[in-house]
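Dropping my_file01.txt in here (compact mmCIF, C-alpha atoms and all ligand atoms):
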# COMPACT_ATOMS: atom_id res chain seq x y z
CA MET O 386 -61.44 -116.04 -17.54
CA ASN O 387 -63.07 -117.91 -20.40
CA VAL O 388 -66.71 -117.60 -19.39
CA GLU O 389 -67.92 -119.75 -22.24
CA SER O 390 -65.91 -122.72 -21.03
CA PHE O 391 -68.20 -122.88 -18.00
CA PHE O 392 -71.40 -123.18 -20.02
CA SER O 393 -73.07 -126.57 -20.35
CA LYS O 394 -72.91 -128.37 -23.69
CA SER O 395 -76.56 -127.57 -24.41
CA THR O 396 -76.05 -123.89 -23.49
CA LYS O 397 -73.08 -123.63 -25.84
CA GLU O 398 -75.20 -125.10 -28.62
CA ALA O 399 -78.17 -122.86 -27.87
CA LEU O 400 -75.94 -119.78 -27.94
CA GLN O 401 -75.13 -120.56 -31.59
CA ASN O 402 -78.72 -119.55 -32.46
CA ASP O 403 -79.78 -115.97 -33.10
CA PRO O 404 -80.21 -113.96 -29.89
CA PRO O 405 -83.80 -113.86 -28.55
CA GLY O 406 -86.15 -111.03 -29.32
CA GLU O 407 -84.42 -109.82 -32.50
CA TRP O 408 -87.80 -109.31 -34.15
CA MET O 409 -88.62 -106.39 -31.86
CA PRO O 410 -86.19 -103.50 -32.31
CA ALA O 411 -86.45 -100.58 -29.88
CA LEU O 412 -89.16 -98.30 -31.23
CA PRO O 413 -89.52 -94.57 -30.71
CA ASP O 414 -92.69 -93.55 -28.80
CA GLU O 415 -94.33 -91.95 -31.80
CA CYS O 416 -93.96 -95.07 -33.97
CA ILE O 417 -97.28 -96.76 -34.76
CA ARG O 418 -96.77 -100.24 -33.41
CA LEU O 419 -98.43 -102.65 -35.77
CA SER O 420 -95.72 -105.08 -34.70
CA SER O 421 -96.73 -105.50 -31.08
CA GLY O 422 -98.83 -108.43 -29.93
CA TYR O 423 -99.81 -106.43 -26.87
CA PRO O 424 -103.31 -105.87 -25.51
CA ALA O 425 -104.93 -102.46 -26.08
CA PRO O 426 -103.54 -100.05 -23.45
CA HIS O 427 -107.00 -98.62 -22.63
CA LEU O 428 -108.23 -102.11 -21.75
CA MET O 429 -105.53 -102.70 -19.15
CA PRO O 430 -107.26 -103.12 -15.77
CA ASP O 431 -104.77 -101.00 -13.80
CA LYS O 432 -107.30 -99.53 -11.37
CA GLU O 433 -108.92 -102.89 -10.69
CA ILE O 434 -105.52 -104.53 -10.13
CA LYS O 435 -104.57 -101.75 -7.74
CA ALA O 436 -107.79 -102.35 -5.82
CA ALA O 437 -107.16 -106.11 -5.83
CA VAL O 438 -103.67 -105.65 -4.34
CA ALA O 439 -105.09 -103.38 -1.65
CA ARG O 440 -107.88 -105.82 -0.83
CA LEU O 441 -105.56 -108.81 -0.74
CA LEU O 442 -103.11 -107.16 1.67
CA GLU O 443 -105.91 -105.71 3.76
CA GLU O 444 -107.55 -109.10 4.20
CA GLU O 445 -104.49 -111.34 4.43
CA LYS O 446 -101.79 -108.97 5.74
CA ASP O 447 -98.31 -110.47 5.11
CA GLN O 448 -99.52 -113.92 4.04
CA PRO O 449 -99.45 -113.39 0.26
CA LEU O 450 -95.86 -112.17 0.57
CA HIS O 451 -94.52 -115.45 1.97
CA TYR O 452 -93.15 -118.39 -0.01
CA LEU O 453 -96.35 -120.36 0.41
CA GLY O 454 -98.45 -117.38 -0.59
CA SER O 455 -102.15 -116.90 -0.26
CA PRO O 456 -105.05 -119.39 -0.23
CA LYS O 457 -106.32 -117.29 -3.15
CA MET O 458 -103.86 -119.16 -5.35
CA GLU O 459 -106.13 -122.19 -5.07
CA LYS O 460 -109.04 -119.92 -5.92
CA LEU O 461 -107.25 -118.90 -9.13
CA LYS O 462 -107.04 -122.55 -10.13
CA GLU O 463 -110.79 -122.90 -9.68
CA GLN O 464 -111.42 -119.76 -11.70
CA ILE O 465 -109.26 -121.04 -14.55
CA LEU O 466 -110.90 -124.47 -14.43
CA ASP O 467 -114.30 -122.75 -14.71
CA ARG O 468 -113.19 -120.86 -17.81
CA LEU O 469 -111.80 -124.04 -19.35
CA SER O 470 -115.05 -125.88 -18.70
CA ILE O 471 -117.05 -123.18 -20.54
CA ARG O 472 -115.06 -124.22 -23.62
CA GLY O 473 -115.62 -127.93 -23.12
CA MET O 474 -112.41 -128.78 -21.29
CA ASN O 475 -113.22 -130.76 -18.19
CA VAL O 476 -110.05 -130.65 -16.20
CA SER O 477 -109.54 -131.44 -12.50
CA THR O 478 -107.29 -129.60 -10.04
CA ASP O 479 -104.52 -132.19 -10.25
CA GLU O 480 -104.51 -131.78 -14.03
CA LEU O 481 -103.70 -128.06 -13.91
CA LEU O 482 -100.41 -126.30 -13.29
CA ILE O 483 -100.28 -122.52 -13.03
CA THR O 484 -97.18 -121.04 -14.65
CA ALA O 485 -95.53 -117.67 -15.18
CA GLY O 486 -97.30 -117.10 -18.49
CA ALA O 487 -97.67 -119.44 -21.45
CA CYS O 488 -93.96 -119.00 -22.16
CA GLN O 489 -92.93 -120.68 -18.92
CA ALA O 490 -95.47 -123.39 -19.70
CA ILE O 491 -93.89 -124.01 -23.12
CA ASP O 492 -90.39 -123.96 -21.62
CA LEU O 493 -91.36 -126.43 -18.89
CA ILE O 494 -92.94 -128.77 -21.40
CA ALA O 495 -89.84 -128.53 -23.59
CA ARG O 496 -87.66 -129.25 -20.57
CA VAL O 497 -89.65 -132.31 -19.60
CA LEU O 498 -90.19 -133.75 -23.09
CA ILE O 499 -87.24 -132.76 -25.25
CA ASP O 500 -83.70 -133.98 -25.25
CA ASP O 501 -81.17 -133.19 -27.95
CA GLU O 502 -82.31 -136.16 -30.04
CA THR O 503 -86.01 -135.30 -29.89
CA LEU O 504 -87.82 -134.57 -33.13
CA VAL O 505 -90.46 -131.84 -32.81
CA VAL O 506 -93.11 -130.89 -35.36
CA ILE O 507 -93.80 -127.19 -35.65
CA GLU O 508 -96.10 -125.17 -37.85
CA ALA O 509 -94.65 -123.04 -40.63
CA PRO O 510 -94.96 -120.23 -39.73
CA THR O 511 -95.12 -120.46 -35.94
CA TYR O 512 -94.86 -118.31 -32.81
CA MET O 513 -91.24 -117.16 -32.83
CA GLU O 514 -90.71 -117.27 -29.09
CA ALA O 515 -91.82 -120.90 -28.87
CA LEU O 516 -89.43 -121.69 -31.70
CA GLU O 517 -86.63 -120.00 -29.77
CA ILE O 518 -87.50 -122.06 -26.68
CA PHE O 519 -87.51 -125.36 -28.57
CA LYS O 520 -84.20 -124.50 -30.23
CA ASN O 521 -82.66 -124.27 -26.76
CA TYR O 522 -83.33 -128.00 -26.38
CA THR O 523 -83.10 -129.65 -29.82
CA ASN O 524 -82.04 -129.06 -33.41
CA HIS O 525 -84.42 -131.62 -34.85
CA PHE O 526 -87.58 -130.18 -36.36
CA ILE O 527 -90.13 -130.90 -39.03
CA SER O 528 -91.98 -127.80 -40.29
CA ILE O 529 -95.46 -128.36 -41.68
CA PRO O 530 -97.09 -125.47 -43.56
CA VAL O 531 -100.19 -123.65 -42.36
CA ASP O 532 -102.81 -122.40 -44.82
CA GLU O 533 -106.03 -120.48 -44.25
CA TYR O 534 -107.55 -123.58 -42.60
CA GLY O 535 -104.66 -124.05 -40.18
CA LEU O 536 -102.03 -126.76 -40.05
CA GLN O 537 -102.06 -128.87 -43.21
CA THR O 538 -102.57 -132.20 -41.55
CA ASP O 539 -102.52 -134.13 -44.84
CA LEU O 540 -98.95 -132.93 -45.37
CA LEU O 541 -98.13 -133.95 -41.81
CA GLU O 542 -99.51 -137.41 -42.53
CA GLU O 543 -97.42 -137.70 -45.72
CA VAL O 544 -94.27 -136.91 -43.75
CA LEU O 545 -95.16 -139.39 -41.01
CA VAL O 546 -95.94 -142.17 -43.51
CA GLU O 547 -92.70 -141.55 -45.36
CA ARG O 548 -90.57 -141.47 -42.22
CA LYS O 549 -92.14 -144.66 -40.97
CA GLU O 550 -91.59 -146.43 -44.28
CA LYS O 551 -87.95 -145.36 -44.32
CA GLY O 552 -87.42 -146.38 -40.70
CA LEU O 553 -86.61 -142.79 -39.68
CA SER O 554 -87.30 -141.45 -36.20
CA LEU O 555 -90.83 -140.22 -35.56
CA PRO O 556 -91.69 -136.98 -33.75
CA ARG O 557 -92.36 -136.98 -30.01
CA PHE O 558 -94.62 -133.96 -30.11
CA LEU O 559 -96.32 -131.40 -32.25
CA TYR O 560 -96.50 -127.75 -31.25
CA THR O 561 -99.61 -126.13 -32.69
CA ILE O 562 -101.60 -122.95 -32.20
CA PRO O 563 -104.87 -124.18 -33.68
CA THR O 564 -106.99 -121.16 -32.85
CA PHE O 565 -106.16 -117.64 -34.15
CA GLN O 566 -102.63 -118.68 -34.83
CA ASN O 567 -99.68 -116.40 -34.21
CA PRO O 568 -98.68 -115.14 -36.76
CA THR O 569 -101.25 -116.11 -39.44
CA GLY O 570 -104.47 -115.46 -37.50
CA THR O 571 -105.87 -118.66 -39.03
CA THR O 572 -107.88 -121.36 -37.28
CA MET O 573 -107.64 -125.10 -37.79
CA THR O 574 -110.87 -126.61 -39.11
CA GLU O 575 -112.85 -129.22 -37.20
CA GLU O 576 -111.85 -131.93 -39.72
CA ARG O 577 -108.18 -131.12 -39.38
CA ARG O 578 -108.50 -131.11 -35.59
CA LYS O 579 -109.94 -134.63 -35.73
CA HIS O 580 -107.28 -135.66 -38.21
CA VAL O 581 -104.38 -134.40 -36.11
CA LEU O 582 -105.72 -136.23 -33.06
CA GLU O 583 -106.01 -139.42 -35.10
CA LEU O 584 -102.44 -138.99 -36.32
CA SER O 585 -101.16 -138.43 -32.80
CA ALA O 586 -102.72 -141.72 -31.70
CA LYS O 587 -101.57 -143.64 -34.77
CA TYR O 588 -97.99 -142.34 -34.72
CA ASN O 589 -97.77 -142.00 -30.95
CA PHE O 590 -96.89 -138.35 -30.46
CA LEU O 591 -98.13 -135.71 -28.04
CA ILE O 592 -99.73 -132.40 -28.95
CA LEU O 593 -98.79 -129.14 -27.29
CA GLU O 594 -101.86 -127.00 -27.95
CA ASP O 595 -101.04 -123.32 -27.46
CA ASP O 596 -104.36 -121.57 -26.91
CA ALA O 597 -103.14 -118.08 -25.97
CA TYR O 598 -105.85 -116.42 -28.12
CA GLY O 599 -108.60 -119.06 -27.81
CA GLU O 600 -111.09 -116.85 -25.96
CA LEU O 601 -110.81 -114.00 -28.44
CA HIS O 602 -113.13 -115.09 -31.22
CA PHE O 603 -115.24 -112.67 -33.24
CA ASP O 604 -118.08 -114.93 -34.42
CA LYS O 605 -117.58 -118.66 -34.58
CA HIS O 606 -115.67 -120.33 -31.80
CA SER O 607 -113.72 -123.56 -32.25
CA THR O 608 -113.50 -126.55 -29.97
CA PRO O 609 -110.04 -126.77 -28.42
CA LEU O 610 -108.06 -129.93 -29.18
CA LYS O 611 -107.98 -130.58 -25.45
CA ALA O 612 -111.79 -130.83 -25.39
CA MET O 613 -111.69 -133.39 -28.23
CA ASP O 614 -108.87 -135.48 -26.77
CA THR O 615 -109.95 -138.80 -25.29
CA ASP O 616 -106.45 -140.20 -25.02
CA GLY O 617 -104.59 -137.74 -22.75
CA ARG O 618 -102.29 -136.73 -25.61
CA VAL O 619 -102.95 -133.00 -25.55
CA LEU O 620 -101.00 -130.70 -23.24
CA HIS O 621 -103.06 -127.54 -23.34
CA VAL O 622 -101.31 -124.24 -22.67
CA GLY O 623 -103.33 -121.13 -21.85
CA SER O 624 -102.67 -117.61 -20.67
CA LEU O 625 -104.32 -114.56 -19.17
CA SER O 626 -101.83 -112.30 -20.96
CA LYS O 627 -104.09 -111.51 -23.90
CA VAL O 628 -107.31 -111.21 -21.91
CA VAL O 629 -106.14 -109.55 -18.69
CA ALA O 630 -102.53 -108.29 -18.58
CA PRO O 631 -99.25 -109.86 -19.76
CA GLY O 632 -97.22 -108.26 -16.97
CA MET O 633 -99.07 -110.39 -14.42
CA ARG O 634 -97.44 -113.46 -16.00
CA ILE O 635 -100.28 -115.91 -15.45
CA GLY O 636 -100.52 -118.95 -17.69
CA TRP O 637 -101.15 -122.65 -17.22
CA ILE O 638 -100.81 -126.19 -18.49
CA ALA O 639 -103.80 -128.54 -18.47
CA ALA O 640 -102.74 -132.15 -18.98
CA THR O 641 -103.10 -135.56 -17.37
CA SER O 642 -101.89 -135.68 -13.78
CA GLU O 643 -98.77 -137.74 -14.64
CA PHE O 644 -97.57 -134.95 -16.90
CA ILE O 645 -98.50 -132.28 -14.36
CA THR O 646 -96.51 -134.07 -11.63
CA ALA O 647 -93.40 -134.19 -13.83
CA LEU O 648 -93.82 -130.57 -14.93
CA ALA O 649 -94.32 -129.36 -11.35
CA TRP O 650 -91.06 -131.11 -10.43
CA PHE O 651 -89.16 -128.56 -12.47
CA LYS O 652 -91.29 -125.49 -11.93
CA LYS O 653 -90.19 -125.01 -8.32
CA ASP O 654 -90.76 -121.41 -7.18
CA LEU O 655 -90.23 -119.93 -10.61
CA ASP O 656 -93.70 -118.47 -10.85
CA HIS O 657 -95.28 -115.63 -8.89
CA PRO O 658 -97.53 -116.39 -5.89
CA PHE O 659 -98.29 -112.71 -5.27
CA ALA O 660 -99.40 -112.13 -8.87
CA GLN O 661 -101.52 -115.30 -8.75
CA ALA O 662 -103.29 -114.23 -5.55
CA THR O 663 -103.82 -110.72 -6.92
CA MET O 664 -105.25 -112.16 -10.12
CA ALA O 665 -107.68 -114.32 -8.15
CA VAL O 666 -108.94 -111.31 -6.18
CA TYR O 667 -109.19 -109.29 -9.39
CA LEU O 668 -111.17 -112.05 -11.13
CA GLU O 669 -113.52 -112.25 -8.13
CA SER O 670 -114.18 -108.54 -8.48
CA ILE O 671 -115.14 -108.48 -12.18
CA ASP O 672 -117.47 -110.21 -14.60
CA MET O 673 -114.91 -112.03 -16.76
CA GLN O 674 -117.45 -112.99 -19.40
CA GLU O 675 -118.38 -109.34 -19.85
CA ARG O 676 -114.71 -108.38 -20.04
CA VAL O 677 -113.97 -111.00 -22.68
CA GLU O 678 -116.95 -109.80 -24.71
CA THR O 679 -115.66 -106.21 -24.57
CA LEU O 680 -112.25 -107.40 -25.76
CA ARG O 681 -113.80 -109.40 -28.60
CA ALA O 682 -115.84 -106.41 -29.76
CA THR O 683 -112.87 -104.03 -29.57
CA TYR O 684 -110.50 -106.33 -31.42
CA GLN O 685 -113.12 -107.23 -34.01
CA ALA O 686 -113.68 -103.52 -34.72
CA ASN O 687 -109.91 -102.90 -34.89
CA CYS O 688 -109.46 -105.88 -37.18
CA SER O 689 -112.13 -104.72 -39.59
CA VAL O 690 -110.56 -101.23 -39.68
CA LEU O 691 -107.18 -102.80 -40.42
CA LEU O 692 -108.60 -104.99 -43.20
CA SER O 693 -110.34 -102.03 -44.88
CA ALA O 694 -107.13 -99.99 -44.63
CA LEU O 695 -105.18 -102.85 -46.22
CA GLU O 696 -107.66 -102.85 -49.14
CA GLN O 697 -107.35 -99.13 -49.49
CA TYR O 698 -103.61 -98.52 -49.06
CA LEU O 699 -101.68 -101.67 -49.93
CA PRO O 700 -100.62 -102.47 -53.50
CA LYS O 701 -103.07 -104.74 -55.32
CA SER O 702 -100.44 -107.49 -55.37
CA ALA O 703 -100.61 -107.82 -51.55
CA SER O 704 -102.82 -110.52 -50.02
CA TRP O 705 -103.77 -111.68 -46.54
CA TYR O 706 -105.90 -114.11 -44.55
CA VAL O 707 -109.01 -112.74 -42.87
CA PRO O 708 -108.86 -113.74 -39.19
CA ASN O 709 -111.86 -114.67 -37.12
CA GLY O 710 -110.27 -113.68 -33.81
CA GLY O 711 -106.95 -113.19 -32.05
CA TYR O 712 -104.54 -110.30 -32.60
CA PHE O 713 -102.93 -110.68 -36.03
CA VAL O 714 -103.19 -110.38 -39.79
CA TRP O 715 -100.60 -112.13 -41.96
CA VAL O 716 -99.81 -110.24 -45.14
CA LYS O 717 -98.02 -111.45 -48.27
CA VAL O 718 -96.24 -108.81 -50.34
CA THR O 719 -93.81 -108.84 -53.26
CA GLY O 720 -90.59 -107.51 -51.67
CA ASP O 721 -88.31 -108.86 -48.95
CA THR O 722 -90.01 -107.69 -45.77
CA SER O 723 -86.85 -107.57 -43.65
CA GLU O 724 -85.48 -104.99 -46.09
CA LEU O 725 -88.72 -103.02 -45.85
CA LEU O 726 -88.58 -102.71 -42.08
CA ALA O 727 -86.00 -99.87 -41.89
CA PRO O 728 -87.89 -97.64 -44.37
CA ALA O 729 -91.16 -98.44 -42.56
CA LEU O 730 -89.65 -97.40 -39.22
CA GLU O 731 -88.45 -94.19 -40.91
CA GLU O 732 -92.06 -93.57 -41.90
CA GLY O 733 -93.12 -94.25 -38.30
CA VAL O 734 -94.78 -97.66 -38.51
CA SER O 735 -93.56 -101.07 -37.35
CA PHE O 736 -94.37 -104.64 -38.35
CA VAL O 737 -92.68 -107.98 -37.77
CA PRO O 738 -90.88 -109.39 -40.83
CA GLY O 739 -92.14 -112.87 -41.69
CA LYS O 740 -88.74 -114.57 -41.57
CA TYR O 741 -88.74 -114.71 -37.78
CA PHE O 742 -91.67 -117.12 -37.74
CA PHE O 743 -89.97 -119.83 -39.78
CA LEU O 744 -87.33 -122.38 -39.00
CA ASP O 745 -85.90 -121.72 -42.43
CA GLN O 746 -86.07 -117.94 -42.47
CA GLN O 747 -85.96 -117.85 -46.28
CA ASP O 748 -89.53 -119.20 -46.30
CA GLY O 749 -90.80 -116.02 -44.66
CA THR O 750 -89.21 -113.23 -46.70
CA LYS O 751 -92.42 -112.26 -48.49
CA TYR O 752 -94.60 -112.07 -45.38
CA LEU O 753 -95.16 -109.64 -42.57
CA ARG O 754 -97.26 -109.77 -39.41
CA LEU O 755 -99.50 -106.90 -38.44
CA SER O 756 -101.23 -106.61 -35.11
CA PHE O 757 -104.62 -104.95 -34.61
CA SER O 758 -104.64 -105.24 -30.82
CA TYR O 759 -102.41 -102.43 -29.62
CA ALA O 760 -102.93 -99.34 -31.80
CA ASP O 761 -106.33 -97.65 -31.80
CA GLU O 762 -108.47 -97.45 -34.95
CA LYS O 763 -107.14 -94.06 -36.05
CA ARG O 764 -103.53 -95.08 -35.67
CA ILE O 765 -104.17 -98.41 -37.38
CA VAL O 766 -105.40 -96.55 -40.48
CA GLU O 767 -102.49 -94.11 -40.38
CA GLY O 768 -100.04 -96.99 -39.83
CA VAL O 769 -101.34 -98.94 -42.83
CA LYS O 770 -101.26 -95.78 -44.94
CA ARG O 771 -97.57 -95.35 -44.07
CA LEU O 772 -96.88 -99.01 -44.71
CA GLY O 773 -98.65 -98.76 -48.07
CA SER O 774 -96.43 -95.86 -49.12
CA VAL O 775 -93.31 -97.88 -48.22
CA LEU O 776 -94.57 -100.94 -50.11
CA LYS O 777 -95.39 -98.87 -53.19
C1 LIG O 801 -99.10 -118.10 -29.49
C2 LIG O 801 -98.57 -117.49 -28.23
N1 LIG O 801 -98.28 -118.28 -27.20
C3 LIG O 801 -97.80 -117.78 -26.06
C4 LIG O 801 -97.58 -116.43 -25.90
C5 LIG O 801 -96.98 -115.92 -24.63
O1 LIG O 801 -97.92 -115.73 -23.68
P1 LIG O 801 -97.52 -115.34 -22.20
O2 LIG O 801 -97.48 -113.86 -22.12
O3 LIG O 801 -98.61 -115.93 -21.38
O4 LIG O 801 -96.19 -115.95 -21.88
C6 LIG O 801 -97.88 -115.57 -26.94
C7 LIG O 801 -97.63 -114.12 -26.80
O5 LIG O 801 -97.50 -113.38 -27.72
C8 LIG O 801 -98.37 -116.11 -28.14
O6 LIG O 801 -98.63 -115.34 -29.19

What would you get if you wrote out this structure as structure tokens?
Ligand SMILES: Cc1ncc(COP(=O)(O)O)c(C=O)c1O
Amino acid sequence: MNVESFFSKSTKEALQNDPPGEWMPALPDECIRLSSGYPAPHLMPDKEIKAAVARLLEEEKDQPLHYLGSPKMEKLKEQILDRLSIRGMNVSTDELLITAGACQAIDLIARVLIDDETLVVIEAPTYMEALEIFKNYTNHFISIPVDEYGLQTDLLEEVLVERKEKGLSLPRFLYTIPTFQNPTGTTMTEERRKHVLELSAKYNFLILEDDAYGELHFDKHSTPLKAMDTDGRVLHVGSLSKVVAPGMRIGWIAATSEFITALAWFKKDLDHPFAQATMAVYLESIDMQERVETLRATYQANCSVLLSALEQYLPKSASWYVPNGGYFVWVKVTGDTSELLAPALEEGVSFVPGKYFFLDQQDGTKYLRLSFSYADEKRIVEGVKRLGSVLK
């Protein structure tokens, strides 16, 4: 049987792309994972989640195990709305859709907004998994570079002006990670945030704001695009993966109710009522603000250890952006980083080669992404030392 002949046209096209997840080879246990954008293992709330499951089933018996799930799922919405409002996003219940992580949120948005003709603006570099998702729906992209102040909105404007003058199609939406970007760790300035919102109104496109790291600032915090949006153009995607636990798969979309209705149409039962109810009980049982502050302090300390180790062990020709939050540091070196990965793994340290974060992979050969979230301080130093010896 020719299995492929049964695939839809769009599936056949999508299968021409590289397979997903290539950036993360299987790593031996002893390898120091500077590649992984995972939360610190010691900050995983396993005991609290266990207690939340017990409490939920004790109080509600079989209810959370049914299709309709627990009333606590509504509670989770309220808890998320409260956290959004702390950061200036005043969203109502009908403007919020809970999803199975930010990834399902991005996929749903892509499904609802993109057809194979749709032009999408992405950042260069950008989150590789989002890029993979978009590539499943369209081949039409514009990549706009990111510098230490985030997306270069003046370059975006130049492209838009030029396309308009030439009568070319204009983008339908922009995917941006304005705060503690993955992979660069950079944050879009206030001026650029205003500028991108102006551009979206002038050239009539939507903005998918991916805010997976937004709560994890060290000092200054930035106003989310969603909080600055007066026009309903921003679809804000958030997640509890980086602040609670990624295995719970809790994310969301905050957008105007018309978008939420269309997105909910396709979500069906593809998310996890039991995880949502458990999360709500867990959040009731802790002080989330205190937890977030602990995470910020831990990651800030890890980040500063990583930056000092980079100074100490990397060749002088290497350079990087200093992040003000999030999980990552983006490093520029002289060699081709995909060729350096095998020797680094031999030495017992992993990183993600820069090429995976670009539409045109050639643009990323001199970069690598390091994470300071997963390894502890001692292993971060040892990992950078090993990386330094490979780079030298
Ligand atoms: C920018 C960005 N968006 C979304 C995600 C995925 O989040 P989730 O686990 O909620 O699907 C990640 C995870 O690494 C990320 O870095």

Can you tell me which residues sit at most 6 Å away from ligand LIG 801 (chain O), counting all atoms listed in the file, written as a ChimeraX atom specification? /O:422,486-488,512,567,595,597,624,626,631,636

Best match for closeness to O:Leu726 among O:Leu753, O:Cys688, O:Ile529, O:Ile671, counting only C-alpha atoms: O:Leu753

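Going from atom CA of O:Trp408 over to atom CA of O:Glu517, you cover 11.6 Å.
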
For O:Gln401, find every residue with an atom within 12 Å (counting all atoms listed in the file), except residues of its own chain fewer than 5 positions away, and show them as a CSV table (one decimal) with C-alpha atoms, in the frame of the given file.
chain,number,residue,atom,x,y,z
O,389,GLU,CA,-67.9,-119.8,-22.2
O,394,LYS,CA,-72.9,-128.4,-23.7
O,395,SER,CA,-76.6,-127.6,-24.4
O,396,THR,CA,-76.0,-123.9,-23.5
O,517,GLU,CA,-86.6,-120.0,-29.8
O,520,LYS,CA,-84.2,-124.5,-30.2
O,521,ASN,CA,-82.7,-124.3,-26.8
O,524,ASN,CA,-82.0,-129.1,-33.4

Is there a way to get, as a short mmCIF file (atom, residue, chain, number, x, y, z; two decimals) with C-alpha atoms, in the frame of the given file, all residues within 10 Å of the point (-94.3, -102.1, -30.8) in file coordinates, counting all atoms listed in the file?
data_model
loop_
_atom_site.label_atom_id
_atom_site.label_comp_id
_atom_site.auth_asym_id
_atom_site.auth_seq_id
_atom_site.Cartn_x
_atom_site.Cartn_y
_atom_site.Cartn_z
CA MET O 409 -88.62 -106.39 -31.86
CA PRO O 410 -86.19 -103.50 -32.31
CA ALA O 411 -86.45 -100.58 -29.88
CA LEU O 412 -89.16 -98.30 -31.23
CA PRO O 413 -89.52 -94.57 -30.71
CA ASP O 414 -92.69 -93.55 -28.80
CA CYS O 416 -93.96 -95.07 -33.97
CA ILE O 417 -97.28 -96.76 -34.76
CA ARG O 418 -96.77 -100.24 -33.41
CA LEU O 419 -98.43 -102.65 -35.77
CA SER O 420 -95.72 -105.08 -34.70
CA SER O 421 -96.73 -105.50 -31.08
CA GLY O 422 -98.83 -108.43 -29.93
CA TYR O 423 -99.81 -106.43 -26.87
CA VAL O 734 -94.78 -97.66 -38.51
CA SER O 735 -93.56 -101.07 -37.35
CA PHE O 736 -94.37 -104.64 -38.35
CA VAL O 737 -92.68 -107.98 -37.77
CA SER O 756 -101.23 -106.61 -35.11
CA TYR O 759 -102.41 -102.43 -29.62
CA ALA O 760 -102.93 -99.34 -31.80
#

Could you list, as an MDAnalysis selection string, every residue within 8 Å of O:Ser642, counting all atoms listed in the file and ignoring same-chain residues fewer than 4 positions away? chainID O and resid 479:481 646
